[in-house]
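Peer 1: File run.tsv follows (TSV, C-alpha atoms):
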chain	number	residue	atom	x	y	z
A	164	MET	CA	25.63	8.68	-21.13
A	165	ILE	CA	23.70	9.08	-17.88
A	166	LYS	CA	24.17	12.48	-16.28
A	167	PHE	CA	24.69	11.46	-12.66
A	168	ARG	CA	26.43	13.63	-10.16
A	169	PHE	CA	26.86	13.84	-6.41
A	170	LYS	CA	25.63	16.91	-4.56
A	171	LEU	CA	27.23	16.89	-1.14
A	172	ALA	CA	28.78	20.21	-0.22
A	173	ALA	CA	25.82	22.36	-1.21
A	174	LEU	CA	23.36	20.14	0.60
A	175	SER	CA	25.32	19.85	3.82
A	176	ALA	CA	24.85	23.54	4.55
A	177	LEU	CA	21.13	23.29	3.90
A	178	ALA	CA	20.82	20.33	6.24
A	179	LEU	CA	22.21	22.38	9.13
A	180	THR	CA	19.61	25.13	9.01
A	181	GLY	CA	17.60	25.19	12.21
A	182	THR	CA	14.22	26.57	11.17
A	183	LEU	CA	11.85	24.23	9.43
A	184	ALA	CA	9.62	25.40	6.60
A	185	LEU	CA	5.87	25.57	7.13
A	186	SER	CA	4.06	22.28	6.71
A	187	SER	CA	0.88	21.90	4.70
A	188	CYS	CA	-1.05	22.28	7.94
A	189	GLY	CA	0.21	25.84	8.29
A	190	VAL	CA	2.44	25.32	11.33
A	191	SER	CA	6.07	24.38	11.59
A	192	GLN	CA	6.89	20.79	12.53
A	193	ASP	CA	8.68	22.04	15.65
A	194	ALA	CA	5.54	23.86	16.73
A	195	ALA	CA	3.32	20.93	15.90
A	196	ASP	CA	5.46	18.58	17.96
A	197	SER	CA	5.57	20.85	20.99
A	198	SER	CA	1.87	21.66	20.96
A	199	SER	CA	0.46	18.22	20.13
A	200	GLY	CA	2.87	15.87	21.83
A	201	GLY	CA	4.76	14.81	18.71
A	202	ALA	CA	3.95	12.79	15.63
A	203	ASN	CA	1.37	10.60	17.35
A	204	SER	CA	-1.25	13.33	17.07
A	205	ALA	CA	0.14	15.27	14.13
A	206	VAL	CA	-1.93	15.70	11.00
A	207	ALA	CA	-0.54	13.72	8.10
A	208	CYS	CA	1.00	16.03	5.51
A	209	THR	CA	-0.47	15.76	2.02
A	210	GLY	CA	1.77	18.31	0.29
A	211	THR	CA	1.29	21.63	-1.47
A	212	ASN	CA	1.84	23.05	-4.95
A	213	ASP	CA	2.61	26.37	-6.63
A	214	SER	CA	-0.45	27.27	-8.68
A	215	SER	CA	1.48	30.06	-10.44
A	216	ALA	CA	4.47	27.92	-11.41
A	217	ALA	CA	5.48	27.88	-15.04
A	218	ALA	CA	5.73	24.52	-16.78
A	219	PRO	CA	9.18	23.00	-16.17
A	220	THR	CA	11.58	22.53	-19.06
A	221	LYS	CA	13.50	19.72	-17.34
A	222	LEU	CA	13.22	17.63	-14.18
A	223	THR	CA	15.71	16.05	-11.80
A	224	LEU	CA	15.02	12.78	-10.02
A	225	ALA	CA	16.86	12.17	-6.72
A	226	LEU	CA	17.64	8.59	-5.75
A	227	VAL	CA	19.44	7.06	-2.78
A	228	PRO	CA	21.35	3.77	-3.06
A	229	SER	CA	19.75	0.94	-1.06
A	230	GLY	CA	22.74	-1.18	-2.08
A	231	ASP	CA	25.65	-0.71	-4.47
A	232	ALA	CA	25.60	2.84	-5.88
A	233	LYS	CA	27.34	1.77	-9.08
A	234	LYS	CA	24.58	-0.76	-9.76
A	235	LEU	CA	21.99	1.98	-9.30
A	236	VAL	CA	23.77	4.12	-11.89
A	237	ASP	CA	23.71	1.21	-14.29
A	238	THR	CA	20.03	0.36	-13.82
A	239	VAL	CA	18.22	3.71	-13.66
A	240	LYS	CA	18.57	4.68	-17.35
A	241	PRO	CA	15.29	2.98	-18.44
A	242	LEU	CA	13.39	4.98	-15.81
A	243	GLU	CA	14.95	8.22	-17.02
A	244	ASP	CA	14.04	7.40	-20.59
A	245	ALA	CA	10.48	6.35	-19.72
A	246	LEU	CA	9.70	9.52	-17.76
A	247	THR	CA	11.36	11.68	-20.41
A	248	SER	CA	9.23	10.08	-23.11
A	249	ARG	CA	5.98	10.32	-21.18
A	250	LEU	CA	6.47	13.88	-19.91
A	251	GLY	CA	8.04	15.36	-23.04
A	252	ILE	CA	10.92	17.02	-21.18
A	253	PRO	CA	14.32	15.66	-20.05
A	254	VAL	CA	14.37	13.78	-16.75
A	255	THR	CA	17.84	13.29	-15.27
A	256	GLY	CA	18.75	11.07	-12.32
A	257	VAL	CA	20.92	12.26	-9.43
A	258	ILE	CA	22.32	9.91	-6.81
A	259	THR	CA	22.50	11.67	-3.44
A	260	ALA	CA	24.82	10.67	-0.62
A	261	ASP	CA	22.05	9.69	1.79
A	262	TYR	CA	18.36	10.01	2.57
A	263	GLN	CA	18.56	13.47	4.12
A	264	ALA	CA	20.54	14.84	1.18
A	265	ALA	CA	17.69	13.77	-1.09
A	266	VAL	CA	15.18	15.63	1.09
A	267	GLU	CA	17.32	18.77	1.03
A	268	ALA	CA	17.76	18.49	-2.74
A	269	ILE	CA	13.99	18.70	-3.08
A	270	GLY	CA	13.83	21.59	-0.63
A	271	ALA	CA	16.50	23.51	-2.56
A	272	ASN	CA	14.79	22.74	-5.89
A	273	GLN	CA	17.90	20.85	-7.01
A	274	ALA	CA	15.55	17.91	-7.54
A	275	GLN	CA	11.82	17.99	-8.24
A	276	ILE	CA	11.18	14.27	-7.80
A	277	GLY	CA	12.53	12.06	-5.03
A	278	MET	CA	12.46	8.32	-4.50
A	279	LEU	CA	12.44	8.31	-0.70
A	280	PRO	CA	11.86	6.03	2.30
A	281	SER	CA	8.67	6.61	4.28
A	282	LEU	CA	10.22	8.82	6.97
A	283	GLN	CA	11.86	11.11	4.44
A	284	MET	CA	8.63	11.35	2.43
A	285	SER	CA	6.95	12.75	5.54
A	286	GLN	CA	9.92	15.00	6.32
A	287	ALA	CA	9.99	16.40	2.78
A	288	CYS	CA	6.30	17.15	3.09
A	289	ASP	CA	6.54	18.71	6.56
A	290	LYS	CA	9.63	20.81	5.77
A	291	TYR	CA	9.09	21.72	2.14
A	292	GLY	CA	5.50	20.83	1.21
A	293	ALA	CA	6.62	18.07	-1.17
A	294	ALA	CA	3.63	15.93	-2.09
A	295	PRO	CA	3.88	12.25	-1.05
A	296	ALA	CA	2.52	11.07	-4.39
A	297	LEU	CA	3.13	7.33	-4.71
A	298	GLN	CA	4.20	4.34	-2.66
A	299	THR	CA	5.93	1.27	-3.99
A	300	VAL	CA	4.50	-2.23	-4.10
A	301	ARG	CA	6.62	-5.32	-3.51
A	302	LYS	CA	5.27	-8.83	-3.44
A	303	ASN	CA	1.73	-7.39	-3.51
A	304	LYS	CA	2.34	-5.33	-0.35
A	305	SER	CA	2.73	-1.59	0.27
A	306	SER	CA	4.45	-2.26	3.59
A	307	TYR	CA	7.22	-4.58	4.77
A	308	ALA	CA	8.87	-5.75	7.94
A	309	ALA	CA	12.38	-4.83	8.94
A	310	GLN	CA	14.31	-7.99	9.67
A	311	MET	CA	16.90	-9.01	12.24
A	312	PHE	CA	19.31	-11.73	11.20
A	313	THR	CA	22.30	-13.57	12.62
A	314	ASN	CA	25.16	-15.95	11.94
A	315	ASN	CA	24.52	-17.52	15.36
A	316	PRO	CA	21.08	-19.14	15.09
A	317	ASP	CA	21.67	-21.38	18.13
A	318	LYS	CA	21.49	-18.23	20.27
A	319	PHE	CA	18.56	-16.45	18.63
A	320	CYS	CA	16.31	-19.21	17.24
A	321	SER	CA	13.84	-21.00	19.49
A	322	ASP	CA	13.19	-23.56	16.76
A	323	THR	CA	15.25	-25.19	14.02
A	324	PRO	CA	15.82	-22.85	11.06
A	325	SER	CA	13.99	-24.00	7.94
A	326	GLU	CA	13.85	-22.92	4.33
A	327	GLY	CA	11.33	-20.33	3.23
A	328	PRO	CA	9.82	-20.02	-0.25
A	329	ASN	CA	13.04	-18.43	-1.50
A	330	GLY	CA	15.22	-21.29	-0.23
A	331	MET	CA	16.78	-19.21	2.54
A	332	LEU	CA	16.74	-20.03	6.25
A	333	TYR	CA	14.29	-18.51	8.73
A	334	CYS	CA	13.31	-19.24	12.31
A	335	ASN	CA	10.80	-18.01	14.89
A	336	GLY	CA	7.99	-17.72	12.34
A	337	THR	CA	9.67	-15.16	10.10
A	338	ALA	CA	9.47	-16.96	6.73
A	339	SER	CA	6.24	-15.22	5.65
A	340	GLY	CA	7.90	-11.80	5.78
A	341	ASN	CA	4.88	-10.43	7.65
A	342	GLY	CA	5.72	-8.65	10.88
A	343	PRO	CA	5.85	-8.70	13.75
A	344	ALA	CA	7.38	-12.11	14.45
A	345	GLY	CA	10.08	-13.54	16.68
A	346	LEU	CA	10.28	-10.45	18.88
A	347	ASP	CA	10.71	-12.58	22.04
A	348	SER	CA	14.27	-13.19	20.83
A	349	VAL	CA	15.18	-9.50	20.58
A	350	ALA	CA	16.28	-9.26	24.22
A	351	LYS	CA	19.12	-11.66	23.36
A	352	ILE	CA	20.72	-8.93	21.23
A	353	LYS	CA	22.06	-7.27	24.39
A	354	GLY	CA	25.85	-7.34	24.27
A	355	ALA	CA	26.02	-8.34	20.61
A	356	THR	CA	27.89	-6.63	17.78
A	357	VAL	CA	25.16	-5.26	15.51
A	358	ALA	CA	25.32	-3.98	11.93
A	359	MET	CA	22.90	-1.10	11.51
A	360	LEU	CA	22.31	1.75	9.10
A	361	SER	CA	22.07	5.45	9.92
A	362	PRO	CA	19.25	6.68	12.20
A	363	ALA	CA	17.47	7.97	9.07
A	364	SER	CA	16.80	4.40	7.87
A	365	PRO	CA	13.39	2.94	8.81
A	366	ALA	CA	14.41	-0.70	8.23
A	367	GLY	CA	18.08	-0.42	9.07
A	368	TYR	CA	17.64	1.51	12.32
A	369	ILE	CA	14.31	3.06	13.37
A	370	PHE	CA	11.99	0.04	13.57
A	371	PRO	CA	14.63	-2.43	14.85
A	372	VAL	CA	15.83	0.00	17.52
A	373	ALA	CA	12.19	0.61	18.54
A	374	ALA	CA	11.78	-3.18	18.88
A	375	MET	CA	14.98	-3.31	20.94
A	376	LYS	CA	13.70	-0.57	23.22
A	377	ALA	CA	10.41	-2.45	23.73
A	378	ALA	CA	12.48	-5.50	24.71
A	379	GLY	CA	14.51	-3.49	27.21
A	380	VAL	CA	17.65	-3.18	25.08
A	381	ALA	CA	19.16	0.24	24.39
A	382	VAL	CA	21.56	1.09	21.57
A	383	GLU	CA	24.16	1.60	24.30
A	384	ASP	CA	23.71	-2.07	25.26
A	385	VAL	CA	25.12	-3.31	21.93
A	386	SER	CA	28.27	-2.67	19.91
A	387	PRO	CA	27.07	-0.98	16.71
A	388	ILE	CA	28.80	-1.34	13.38
A	389	LYS	CA	27.60	1.44	11.10
A	390	VAL	CA	26.98	0.43	7.49
A	391	THR	CA	25.78	2.50	4.57
A	392	ALA	CA	23.29	0.16	2.90
A	393	ASN	CA	21.03	-2.83	3.53
A	394	ASP	CA	23.20	-5.25	1.60
A	395	ALA	CA	26.25	-4.08	3.56
A	396	SER	CA	24.44	-5.01	6.78
A	397	VAL	CA	23.81	-8.52	5.46
A	398	LEU	CA	27.42	-8.80	4.31
A	399	ALA	CA	28.74	-7.73	7.73
A	400	VAL	CA	26.92	-10.66	9.34
A	401	TYR	CA	27.79	-13.02	6.49
A	402	LYS	CA	31.50	-12.23	6.86
A	403	GLY	CA	31.40	-12.45	10.66
A	404	ASP	CA	32.08	-8.78	11.35
A	405	ALA	CA	28.79	-8.59	13.26
A	406	GLU	CA	26.69	-11.19	15.06
A	407	VAL	CA	23.38	-9.49	14.25
A	408	GLY	CA	22.24	-7.15	11.48
A	409	PHE	CA	19.21	-5.10	10.49
A	410	SER	CA	17.73	-4.57	7.02
A	411	TYR	CA	14.51	-4.67	5.06
A	412	TRP	CA	12.98	-8.13	4.41
A	413	ASP	CA	14.64	-9.88	2.62
A	414	ALA	CA	17.81	-8.04	1.65
A	415	ARG	CA	19.68	-11.35	1.55
A	416	GLU	CA	18.20	-11.90	-1.91
A	417	VAL	CA	20.30	-9.00	-3.23
A	418	VAL	CA	23.47	-10.34	-1.62
A	419	ALA	CA	22.78	-13.88	-2.89
A	420	LYS	CA	23.56	-12.82	-6.46
A	421	ASP	CA	27.25	-12.70	-5.56
A	422	ASN	CA	27.15	-14.92	-2.44
A	423	PRO	CA	24.82	-17.87	-3.12
A	424	ASP	CA	25.28	-19.40	0.36
A	425	VAL	CA	24.17	-16.28	2.26
A	426	GLY	CA	20.72	-17.78	2.84
A	427	SER	CA	22.21	-20.67	4.82
A	428	LYS	CA	24.91	-18.73	6.67
A	429	VAL	CA	22.68	-15.79	7.66
A	430	VAL	CA	19.38	-16.66	9.35
A	431	VAL	CA	16.45	-14.27	9.89
A	432	PHE	CA	15.17	-14.58	13.47
A	433	ALA	CA	12.86	-11.59	14.03
A	434	LEU	CA	10.61	-9.17	12.14
A	435	THR	CA	9.48	-5.77	13.36
A	436	ASP	CA	6.09	-4.15	12.99
A	437	GLU	CA	5.25	-3.40	9.36
A	438	VAL	CA	7.04	-0.41	7.83
A	439	PRO	CA	5.27	1.70	5.18
A	440	ASN	CA	6.93	1.23	1.81
A	441	ASP	CA	9.12	3.90	0.28
A	442	GLY	CA	7.77	5.92	-2.61
A	443	MET	CA	7.91	9.03	-4.75
A	444	SER	CA	7.62	12.62	-3.53
A	445	ILE	CA	7.13	15.60	-5.85
A	446	SER	CA	8.24	19.19	-5.26
A	447	SER	CA	5.73	21.79	-4.07
A	448	LYS	CA	7.37	24.22	-6.51
A	449	LEU	CA	5.51	22.50	-9.34
A	450	SER	CA	1.87	23.11	-10.21
A	451	SER	CA	-0.77	20.54	-9.30
A	452	ASP	CA	-1.11	19.73	-13.00
A	453	TRP	CA	2.56	18.85	-13.26
A	454	GLN	CA	2.52	16.93	-10.01
A	455	LYS	CA	-0.28	14.81	-11.45
A	456	LYS	CA	1.48	14.40	-14.80
A	457	ILE	CA	4.58	13.07	-13.06
A	458	SER	CA	2.57	10.76	-10.83
A	459	ASP	CA	0.54	9.46	-13.77
A	460	ALA	CA	3.68	8.91	-15.85
A	461	MET	CA	5.27	6.80	-13.11
A	462	LEU	CA	2.07	4.81	-12.55
A	463	ASP	CA	1.79	4.17	-16.28
A	464	PHE	CA	5.41	3.01	-16.53
A	465	ALA	CA	5.07	0.78	-13.45
A	466	ASP	CA	2.07	-0.92	-15.07
A	467	THR	CA	4.10	-2.19	-18.04
A	468	PRO	CA	6.34	-5.28	-18.23
A	469	GLU	CA	9.35	-3.13	-19.07
A	470	GLY	CA	8.49	-0.84	-16.17
A	471	VAL	CA	8.31	-3.70	-13.68
A	472	LYS	CA	11.64	-4.99	-14.97
A	473	ALA	CA	13.31	-1.58	-14.68
A	474	LEU	CA	11.89	-0.73	-11.25
A	475	THR	CA	12.73	-4.18	-9.92
A	476	ALA	CA	16.33	-3.65	-11.02
A	477	ILE	CA	16.47	-0.27	-9.26
A	478	TYR	CA	14.71	-0.92	-5.92
A	479	GLN	CA	13.06	-4.36	-6.24
A	480	ILE	CA	9.77	-2.54	-7.00
A	481	THR	CA	7.01	-4.58	-8.62
A	482	GLY	CA	4.36	-1.85	-8.75
A	483	MET	CA	3.29	1.62	-7.63
A	484	LYS	CA	0.14	2.93	-5.97
A	485	LEU	CA	-1.17	6.26	-4.69
A	486	ALA	CA	0.47	7.16	-1.38
A	487	ASP	CA	-1.32	6.98	1.95
A	488	PRO	CA	-0.04	9.88	4.09
A	489	ASP	CA	-1.60	8.37	7.22
A	490	SER	CA	0.37	5.14	6.79
A	491	LEU	CA	3.57	7.10	6.17
A	492	ARG	CA	3.11	8.79	9.53
A	493	THR	CA	3.69	5.51	11.38
A	494	THR	CA	7.40	5.78	10.61
A	495	GLN	CA	7.46	9.23	12.20
A	496	GLU	CA	5.76	7.76	15.26
A	497	ALA	CA	8.37	4.99	15.49
A	498	ALA	CA	11.15	7.57	15.15
A	499	HIS	CA	9.67	9.70	17.92
A	500	SER	CA	9.41	6.62	20.15
A	501	ILE	CA	13.22	6.30	20.16
A	502	GLY	CA	13.89	10.00	20.52
A	503	LEU	CA	14.42	10.95	16.89
A	504	GLY	CA	12.83	14.15	15.62
Spell out the structure here as structure tokens.
Peer 2:
Amino acid sequence: MIKFRFKLAALSALALTGTLALSSCGVSQDAADSSSGGANSAVACTGTNDSSAAAPTKLTLALVPSGDAKKLVDTVKPLEDALTSRLGIPVTGVITADYQAAVEAIGANQAQIGMLPSLQMSQACDKYGAAPALQTVRKNKSSYAAQMFTNNPDKFCSDTPSEGPNGMLYCNGTASGNGPAGLDSVAKIKGATVAMLSPASPAGYIFPVAAMKAAGVAVEDVSPIKVTANDASVLAVYKGDAEVGFSYWDAREVVAKDNPDVGSKVVVFALTDEVPNDGMSISSKLSSDWQKKISDAMLDFADTPEGVKALTAIYQITGMKLADPDSLRTTQEAAHSIGLG
């Protein structure tokens, strides 16, 4: 039996605290932003460790659903088992309510490992010294484009939608998945009903909203429908609840398992600038030796056929690589560009 649990009440209080912990650069993020003009000139955080920390006797891994939470519960057991076997101590998965709850779980030492999007990897480092250890690889890339899609291609496509390699429809040069592409069509979103994730989501909010701003469209110029996951955004457009939606490229592939015609009814028309891939952060309350052991264990597992199968089932991950803190910072810069701290 997998020991999953939700940690909401305890984390909500932590999330409301106003003073940020010292970053690895020795200054608070608030101070860094005010003195250097924000994330554009901030030093990328590489994390810290506790050299005096005793060896852990168990570890908790925090995960956030990118789709159906129940499916995540069902698919994460092989990862738990693999890390437990390689590290020699129990590793238990915890599904948090959202991205920020996962960050706070690491800060409160309720979790020592977090599978986090790029923005939250930087936040966990800046606030709590958590080391941004690894980034995911998908389709041989450590970055991806956020996509904009519609059920009204006549409005948003300047060419006839055609099938990409996965058999789904794309227009405006978006079939490669490499951003940016089709951004001339973003201005047409004004006045539309748009499915979008929370402001903490790089693909479901930050990068698309930054692209909207560059095209002269504010969030106030659309009618947002808030959804909780990337597949829910696709489904909102598929079902006609929204005209446009945002997600990572290409979240339709997840939805297609239960809705095979989604690739013909929902058409991708624009891709944002590339977003750094999500990855794995490790608590600063562990020693550098244990941080490396955890990182090495995940890299080893990801390099096996069973590891690729398990990680693909969890987050469509096909590999892992050492994290690049400088690339992670680009998500912070995009967030700052739309007024998010």
Peer 1: Around (16.2, 18.6, 4.5) in the file's own coordinates, what residues are found within 8 Å if you use only C-alpha atoms, given back as JSON, numbers by chain?
Peer 2: {"A": [177, 178, 263, 264, 265, 266, 267, 268, 269, 270, 286, 287, 290]}
Peer 1: At most 8 Å from (14.0, -9.6, 6.7), file frame, all atoms listed in the file: which residues, as a ChimeraX atom specification?
Peer 2: /A:308-312,337,340,409-415,431,433-434
Peer 1: Need the shell around Ser364 (chain A): protein/DNA/RNA residues with any atom at most 8 Å away, counting only C-alpha atoms. Skip same-chain ones fewer than 6 positions apart. Format as a ChimeraX atom specification?
Peer 2: /A:262,280,282
Peer 1: To one decimal place, how far is CA of Thr247 (chain A) from CA of Lys456 (chain A) in Å?
Peer 2: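 About the pair CA of Thr247 (chain A) and CA of Lys456 (chain A): they are 11.7 Å apart.
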Peer 1: I'd like to know which of A:Ser500, A:Asp261, A:Pro488, A:Lys302 is closest to Val390 (chain A), using only C-alpha atoms.
Peer 2: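 Residue with the minimum atom-to-atom distance to Val390 (chain A): A:Asp261.
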Peer 1: To one decimal place, how far is CA of Lys353 (chain A) from CA of Ala405 (chain A) in Å?
Peer 2: 13.1 Å
Peer 1: Would you pick out the contacts of Ser305 (chain A) at 12 Å or less, using only C-alpha atoms, so that residues sharing its chain but fewer than 3 positions from it are not included, and give the list as a short mmCIF file (atom, residue, chain, number, x, y, z; two decimals) with C-alpha atoms, in the frame of the given file?
Peer 2:
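Written output follows (out03.cif):
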data_model
loop_
_atom_site.label_atom_id
_atom_site.label_comp_id
_atom_site.auth_asym_id
_atom_site.auth_seq_id
_atom_site.Cartn_x
_atom_site.Cartn_y
_atom_site.Cartn_z
CA SER A 281 8.67 6.61 4.28
CA LEU A 297 3.13 7.33 -4.71
CA GLN A 298 4.20 4.34 -2.66
CA THR A 299 5.93 1.27 -3.99
CA VAL A 300 4.50 -2.23 -4.10
CA ARG A 301 6.62 -5.32 -3.51
CA LYS A 302 5.27 -8.83 -3.44
CA ALA A 308 8.87 -5.75 7.94
CA ASN A 341 4.88 -10.43 7.65
CA GLU A 437 5.25 -3.40 9.36
CA VAL A 438 7.04 -0.41 7.83
CA PRO A 439 5.27 1.70 5.18
CA ASN A 440 6.93 1.23 1.81
CA ASP A 441 9.12 3.90 0.28
CA GLY A 442 7.77 5.92 -2.61
CA ILE A 480 9.77 -2.54 -7.00
CA THR A 481 7.01 -4.58 -8.62
CA GLY A 482 4.36 -1.85 -8.75
CA MET A 483 3.29 1.62 -7.63
CA LYS A 484 0.14 2.93 -5.97
CA LEU A 485 -1.17 6.26 -4.69
CA ALA A 486 0.47 7.16 -1.38
CA ASP A 487 -1.32 6.98 1.95
CA SER A 490 0.37 5.14 6.79
CA LEU A 491 3.57 7.10 6.17
#
Peer 1: At what distance in Å, to one decimal, does CA of Asp489 (chain A) lie from CA of Ala207 (chain A)?
Peer 2: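 Between CA of Ala207 (chain A) and CA of Asp489 (chain A) the gap is 5.5 Å.
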Peer 1: Using all atoms listed in the file for the distances, tell me which of A:Thr493, A:Pro228, A:Tyr307, A:Gly379 is nearest to Ala395 (chain A).
Peer 2: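 That would be A:Pro228, the residue with the smallest distance to Ala395 (chain A).
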Peer 1: Check the smallest atom-to-atom distance from each of A:Pro371, A:Ser451, A:Ala460, A:Val418 to Ala497 (chain A) using all atoms listed in the file, then report the winner.
Peer 2: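 Of the candidates, the smallest distance to Ala497 (chain A) is held by A:Pro371.
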Peer 1: Would you pick out the contacts of Met443 (chain A) at 7 Å or less, using only C-alpha atoms, so that residues sharing its chain but fewer than 6 positions from it are not included, and give the list as a compact mmCIF listing (two decimals) with C-alpha atoms, in the coordinates of the input?
Peer 2:
# COMPACT_ATOMS: atom_id res chain seq x y z
CA ILE A 276 11.18 14.27 -7.80
CA GLY A 277 12.53 12.06 -5.03
CA MET A 278 12.46 8.32 -4.50
CA LEU A 279 12.44 8.31 -0.70
CA PRO A 295 3.88 12.25 -1.05
CA ALA A 296 2.52 11.07 -4.39
CA LEU A 297 3.13 7.33 -4.71
CA GLN A 298 4.20 4.34 -2.66
Peer 1: When you look at Gly345 (chain A) with a cut-off of 9 Å (counting only C-alpha atoms), what residues show up, excluding the ones that are within fewer than 6 positions of it in the same chain? I need them as a list of chain:residue names.
Peer 2: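 The residues satisfying every condition are A:Cys320, A:Ser321, A:Cys334, A:Asn335, A:Gly336, A:Thr337, A:Phe432, A:Ala433, A:Leu434, A:Thr435.
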Peer 1: Skip region 222-224 of chain A itself and residues of its chain fewer than 4 positions away, then list as a VMD selection string all residues within 12 Å of it, counting only C-alpha atoms.
Peer 2: chain A and resid 166 to 168 218 239 to 240 242 to 244 246 to 247 250 to 259 265 to 266 268 to 269 271 to 279 443 to 446 448 to 449 453 to 454 457 461
Peer 1: Of the candidates A:Thr238, A:Thr494, A:Ser427, A:Ser214, which one gets nearest to Ile477 (chain A) if we count all atoms listed in the file?
Peer 2: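 Smallest separation from Ile477 (chain A) among the options: A:Thr238.
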